[in-house]
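Below is one structure, written out as structure tokens; comments come after it.
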Protein chains: 2
Amino acid sequence: MIQPKILKGTRDFAPEMMAKRDHVMNKIRGVFRKYGYDTIETPVIEYAETILGKYGDEGDKLTYHFQDHGDRHIALRYDQTVPFARYYADNWQELPSPFKRYQISRVWRADKPQKGRLREFYQCDIDIIGTDSLLADLELIQVMQDVMVDLGLTDYKIQFNDRKLMNSILEAADVSDKNRVDVIRALDKLDKIGADKVEKLLVENGLDASLAANLMQTVLADGANHDKVAALADFEISTIKEILALSEAAGLDLTKLELNPALARGLDYYTGLIFEVVLTNNSDLGTVCAGGRYDNLCSMFCKEEFSGTGVAFGFERMMEALLERKMLDDVPLNAQVLVVQFGKATVIDNLKLVTQLRQAGLATELSFEDSKLGKQFKYADKKNIPFVLVQGSEELDNGVVVLKDMKTGDQTDYPLDKISEVLLNKVS
Amino acid sequence: MIQPKILKGTRDFAPEMMAKRDHVMNKIRGVFRKYGYDTIETPVIEYAETILGKYGDEGDKLTYHFQDHGDRHIALRYDQTVPFARYYADNWQELPSPFKRYQISRVWRADKPQKGRLREFYQCDIDIIGTDSLLADLELIQVMQDVMVDLGLTDYKIQFNDRKLMNSILEAADVSDKNRVDVIRALDKLDKIGADKVEKLLVENGLDASLAANLMQTVLADGANHDKVAALADFEISTIKEILALSEAAGLDLTKLELNPALARGLDYYTGLIFEVVLTNNSDLGTVCAGGRYDNLCSMFCKEEFSGTGVAFGFERMMEALLERKMLDDVPLNAQVLVVQFGKATVIDNLKLVTQLRQAGLATELSFEDSKLGKQFKYADKKNIPFVLVQGSEELDNGVVVLKDMKTGDQTDYPLDKISEVLLNKVS
């Protein structure tokens, strides 16, 4: 006998949880679709050379990879970005330009599991590639806003910054190209270690002490967006100004958009506007969505350069917030009606009844066994089926069915030929 | 530079193909839900001991498995049945009984890829576990019928048989318990090698020649279902009779149900009614759905015995038939409307227009760049966006938008405040 257990950091999802997860995914997907995004799918297993080497040693260590029977070196997808880059490099000539795609699927990390660190989890990415128009960046802000609002996560805040602004600030602080990534990584730690320690790190990275102090003062500019824009007038602020104007014109909720000149995002990959979304009432969760503009998504796989912009939603973190806030308690399972059974004498009529209900569009179950009514009601209860129909021989004689509302316990007779209509009204 | 290629037997799916695959999955899922089935999800990676050893050496050879960094022995899901059994063994006490679940997800085979043999593909399973009621078997027949009809695959035929009938026939032919599996496997080859060779195989397996001849004559009984039932009156035919009566009572299309007393299905696993669905106009595809009743799904993982019944749809094969028959040509991508762009002077009004359209429920794109109109129309063409809206400064002055129907090429002016309504009518 084998013990039925699973690897730590992987999960089984029971029907109730799947219903909730599907509900959230469908909401997110619904927003993506409303903006005309389509989806693609890439394999879970790829040649290891495709997957490895993209995120340095740390990334490679966290990638599941192995030799197959034919001595091919195979890896499990570590993220959705690299396979997308591989796909786009191979297919861009056939695809529309710009290319708008979303992907919601699983990735794997050979990690030590702990709270918030899983070996198997979902990523949820959206990208626009093949245009450097600011309208594309604007669209991502709109999408982020719509996703958060549709999920009821109205305490979101979209922090944003521009790498070009950051670069002009770094230039003024005499940061060399060589030091740029290190300085950006240091700034990225602001939330974790605080301004003083970051400033110290900068000096350790070779910055002049007074230039480092100036730099810190610049990126920590306080106030409303327009105050910050004014304070940063000496730097490369034009894109920031333009995206704020566009956001206003598009009717976005500007109170949710917060310019943060210190926002760095670790990867050297970004070249323009960058974004991070947090839930102000769940700052413990960290970023629930992040991304930005890049210029070399596919550089590992092809010579062409494509400007693009994209964000990744932290699906698992958003699920955590939604579950913690009990906002998914009402997501139903599929079955809407259970027709109970009384054995051979009435089975044919009850078979006809369920067929009639299903044809009307009601998700309907027929009890498989004519066990005691109490047991059948209990099954409905367990599956949260909201309505139960009883059609025994007495009801058959009178041309009625008894409808039991499982929430209130009320039982009411309805004519057999009206029951689909009655139920459709109740479930809609 | 790394060549952007994927492993043979794995596939990328472009947006158009994903739309078609999603369309088909949603149809199948829609039927499952109409019958009150919910879904669960299990990990892609599991302990190898969970996955291996269930289908003998051949199955193990075809399973991807490896040691991870922590020296855990890990395997990729080979099918959905074994992880479901593992899940059910671990959770049956918490789950409703009977438990009705569907699962549509990917599995992996370390196989040599060739036509019809992939390394990564989808399985689509539905099971009812925890009841031996024939109404459960009936429900699976209904589900199979509804799936085929909903997909327009009306040339389906459901062949069925009963293992208890088969056993009683084998008993009469003096087949020992020891030989039973070999004889069943021989019968399974009927379609491939023909009756004469199967009969020879039976004799090689130790059957008396005249008993083998009798057996072949019995299982090859010809005619309509009721003729076969009559011809098999001496054997264990009661379940067959009952399921036929129930199917008739439930209003199923009996012309699609074909009793085939020779139907064996290789696995020893089955204990009651078994099913195989073929498309009569695509018999080259083989079985597009198959399954049956079993009594020991979880025996590897727990002591309890659960009677259940389930079928697996051959999703990839059904896709093949649907694509070959050009039945998915009209499945649209997501975007329904493209609003073109004329540059800065009109961008704010066009941003407002797309917001209005999206709020009305129309999947709408705004061109990111104000390139030549011809290029923007070409983008709509490439993405099969059915309608394009033009709102330049002239239209703005007149309070109209030009609607171009991309199929007919017709261009018509509509008042701005009527355009959502007009489009909603056109796309519905």
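Convention: chains lettered A, B, ... in structure tokens order; per-chain residue numbering from 1; ligands numbered from 1 as shown.
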Give the helix (DSSP H, G or I) residues of segment 268-333 of chain A, as DSSP finds them on the backbone, and put them as an NGL selection string. :A and (280-285 or 315-324)
For the residues selected in the previous step, produce a file with N, CA and C atoms as a PDB file, in the first residue's frame.
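Heads up, here's the output in selection.pdb:
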```
ATOM      1  N   THR A 280      -3.379  47.982  -0.184  1.00  0.00           N
ATOM      2  CA  THR A 280      -2.958  48.750   0.992  1.00  0.00           C
ATOM      3  C   THR A 280      -3.413  48.080   2.298  1.00  0.00           C
ATOM      4  N   ASN A 281      -4.494  47.311   2.246  1.00  0.00           N
ATOM      5  CA  ASN A 281      -4.925  46.602   3.456  1.00  0.00           C
ATOM      6  C   ASN A 281      -4.272  45.228   3.605  1.00  0.00           C
ATOM      7  N   ASN A 282      -3.433  44.862   2.656  1.00  0.00           N
ATOM      8  CA  ASN A 282      -2.729  43.577   2.707  1.00  0.00           C
ATOM      9  C   ASN A 282      -1.290  43.750   2.260  1.00  0.00           C
ATOM     10  N   SER A 283      -0.629  44.779   2.844  1.00  0.00           N
ATOM     11  CA  SER A 283       0.726  45.040   2.369  1.00  0.00           C
ATOM     12  C   SER A 283       1.640  43.866   2.718  1.00  0.00           C
ATOM     13  N   ASP A 284       1.201  43.010   3.676  1.00  0.00           N
ATOM     14  CA  ASP A 284       1.951  41.799   4.013  1.00  0.00           C
ATOM     15  C   ASP A 284       2.140  40.887   2.807  1.00  0.00           C
ATOM     16  N   LEU A 285       1.206  40.967   1.853  1.00  0.00           N
ATOM     17  CA  LEU A 285       1.289  40.086   0.691  1.00  0.00           C
ATOM     18  C   LEU A 285       2.374  40.529  -0.278  1.00  0.00           C
ATOM     19  N   PHE A 315      -1.369  35.689  -9.145  1.00  0.00           N
ATOM     20  CA  PHE A 315      -2.658  35.005  -8.959  1.00  0.00           C
ATOM     21  C   PHE A 315      -2.785  34.397  -7.569  1.00  0.00           C
ATOM     22  N   GLU A 316      -1.735  33.713  -7.102  1.00  0.00           N
ATOM     23  CA  GLU A 316      -1.830  33.023  -5.811  1.00  0.00           C
ATOM     24  C   GLU A 316      -1.968  34.039  -4.665  1.00  0.00           C
ATOM     25  N   ARG A 317      -1.293  35.164  -4.791  1.00  0.00           N
ATOM     26  CA  ARG A 317      -1.411  36.195  -3.751  1.00  0.00           C
ATOM     27  C   ARG A 317      -2.791  36.833  -3.759  1.00  0.00           C
ATOM     28  N   MET A 318      -3.329  37.070  -4.928  1.00  0.00           N
ATOM     29  CA  MET A 318      -4.673  37.647  -4.989  1.00  0.00           C
ATOM     30  C   MET A 318      -5.702  36.662  -4.416  1.00  0.00           C
ATOM     31  N   MET A 319      -5.506  35.361  -4.715  1.00  0.00           N
ATOM     32  CA  MET A 319      -6.381  34.344  -4.121  1.00  0.00           C
ATOM     33  C   MET A 319      -6.305  34.425  -2.592  1.00  0.00           C
ATOM     34  N   GLU A 320      -5.085  34.560  -2.091  1.00  0.00           N
ATOM     35  CA  GLU A 320      -4.885  34.629  -0.641  1.00  0.00           C
ATOM     36  C   GLU A 320      -5.673  35.795  -0.047  1.00  0.00           C
ATOM     37  N   ALA A 321      -5.559  36.964  -0.685  1.00  0.00           N
ATOM     38  CA  ALA A 321      -6.280  38.141  -0.184  1.00  0.00           C
ATOM     39  C   ALA A 321      -7.791  37.915  -0.250  1.00  0.00           C
ATOM     40  N   LEU A 322      -8.262  37.377  -1.365  1.00  0.00           N
ATOM     41  CA  LEU A 322      -9.705  37.182  -1.547  1.00  0.00           C
ATOM     42  C   LEU A 322     -10.259  36.166  -0.555  1.00  0.00           C
ATOM     43  N   LEU A 323      -9.486  35.119  -0.293  1.00  0.00           N
ATOM     44  CA  LEU A 323      -9.936  34.097   0.655  1.00  0.00           C
ATOM     45  C   LEU A 323      -9.926  34.651   2.074  1.00  0.00           C
ATOM     46  N   GLU A 324      -8.851  35.345   2.420  1.00  0.00           N
ATOM     47  CA  GLU A 324      -8.712  35.928   3.754  1.00  0.00           C
ATOM     48  C   GLU A 324      -9.856  36.907   4.025  1.00  0.00           C
TER      49      GLU A 324
END
```
Neighbouring residues of segment 130-145 of chain A were defined as those with any atom within 6 Å, considering only C-alpha atoms; residues of the same chain fewer than 2 positions away were excluded. Please report them as a list of chain:residue names.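 Non-adjacent residues within range: A:Ser97, A:Pro98, A:Val147, A:Met148, A:Phe306, A:Ser307, A:Gly308, B:Phe368.
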Got time to write the residues from that selection, C-alpha atoms, as a short mmCIF file (atom, residue, chain, number, x, y, z; two decimals), in the first residue's frame?
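Resulting contents of result.cif:
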```cif
data_model
loop_
_atom_site.label_atom_id
_atom_site.label_comp_id
_atom_site.auth_asym_id
_atom_site.auth_seq_id
_atom_site.Cartn_x
_atom_site.Cartn_y
_atom_site.Cartn_z
CA SER A 97 1.85 43.32 -34.75
CA PRO A 98 1.49 44.52 -32.09
CA VAL A 147 -8.90 43.50 -12.77
CA MET A 148 -8.63 44.91 -9.25
CA PHE A 306 10.95 44.19 -30.14
CA SER A 307 9.75 46.81 -27.74
CA GLY A 308 7.02 45.57 -25.50
CA PHE B 368 -1.73 51.94 -30.37
#
```
From a backbone DSSP assignment, name each residue in segment 171-411 of chain B labelled strand (DSSP E), as a ChimeraX atom specification. /B:257-259,270-279,287-294,308-313,337-339,364-366,387-390,400-405,411
I need the residue nearest Thr355 of chain A from this list: B:Gly314, B:Pro415, B:Gly70, B:Gly251. Use only C-alpha atoms for the distance.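 Going through B:Gly314, B:Pro415, B:Gly70, B:Gly251 one by one, the smallest distance to Thr355 of chain A is for B:Gly251.
Across A:Ala360, A:Val288, A:Val347, A:Leu211, the tightest approach to Ser393 of chain A is made by A:Val347 when counting only C-alpha atoms.
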Of the listed residues A:Gly310, A:Gly194, A:Gly286, A:Gly206, that which approaches Gly272 of chain A most closely, counting only C-alpha atoms: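 Of A:Gly310, A:Gly194, A:Gly286, A:Gly206, the one nearest Gly272 of chain A is A:Gly310, counting only C-alpha atoms.
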For atom CA of Ile419 of chain B and atom CA of Ile126 of chain A, quote the distance in Å rounded to one decimal. 28.5 Å
Pick out the residues sitting within 8 Å of segment 77-91 of chain A, and hand them over as a CSV table (one decimal) with C-alpha atoms, in the first residue's frame; count only C-alpha atoms, and ignore anything fewer than 3 positions along from it in its own chain.
```
chain,number,residue,atom,x,y,z
A,42,THR,CA,3.5,26.5,-24.8
A,43,PRO,CA,4.7,23.1,-23.5
A,44,VAL,CA,5.4,22.5,-19.9
A,45,ILE,CA,8.5,20.5,-20.8
A,46,GLU,CA,11.1,22.3,-23.0
A,50,THR,CA,15.7,27.2,-23.7
A,51,ILE,CA,14.8,27.5,-20.0
A,54,LYS,CA,18.0,33.3,-18.3
A,62,LEU,CA,15.4,26.6,-8.9
A,63,THR,CA,14.6,25.0,-12.2
A,64,TYR,CA,13.6,21.3,-12.4
A,94,GLU,CA,3.1,35.1,-38.6
A,95,LEU,CA,1.6,37.0,-35.7
A,103,GLN,CA,-1.3,33.4,-20.4
A,105,SER,CA,-0.8,28.6,-16.4
A,107,VAL,CA,5.2,27.0,-13.5
A,108,TRP,CA,7.6,25.0,-11.3
A,109,ARG,CA,10.4,25.9,-8.9
A,123,GLN,CA,1.3,32.7,-13.2
A,125,ASP,CA,0.8,37.3,-17.6
A,297,LEU,CA,12.4,40.1,-24.7
A,298,CYS,CA,13.6,37.8,-27.3
A,301,PHE,CA,16.4,33.6,-29.3
A,302,CYS,CA,16.6,36.0,-32.3
B,4,PRO,CA,13.8,28.6,-30.6
B,5,LYS,CA,12.6,25.0,-31.0
B,12,ASP,CA,2.8,25.4,-29.2
```
Point-to-point distance in Å for atom CA of Ala380 of chain B and atom CA of Thr408 of chain B: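 Straight-line distance from atom CA of Thr408 of chain B to atom CA of Ala380 of chain B works out to 13.7 Å.
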Which one of A:Ala230, A:Val427, A:Ala110, A:Leu52 sits closest to chain B if you count only C-alpha atoms? A:Ala110
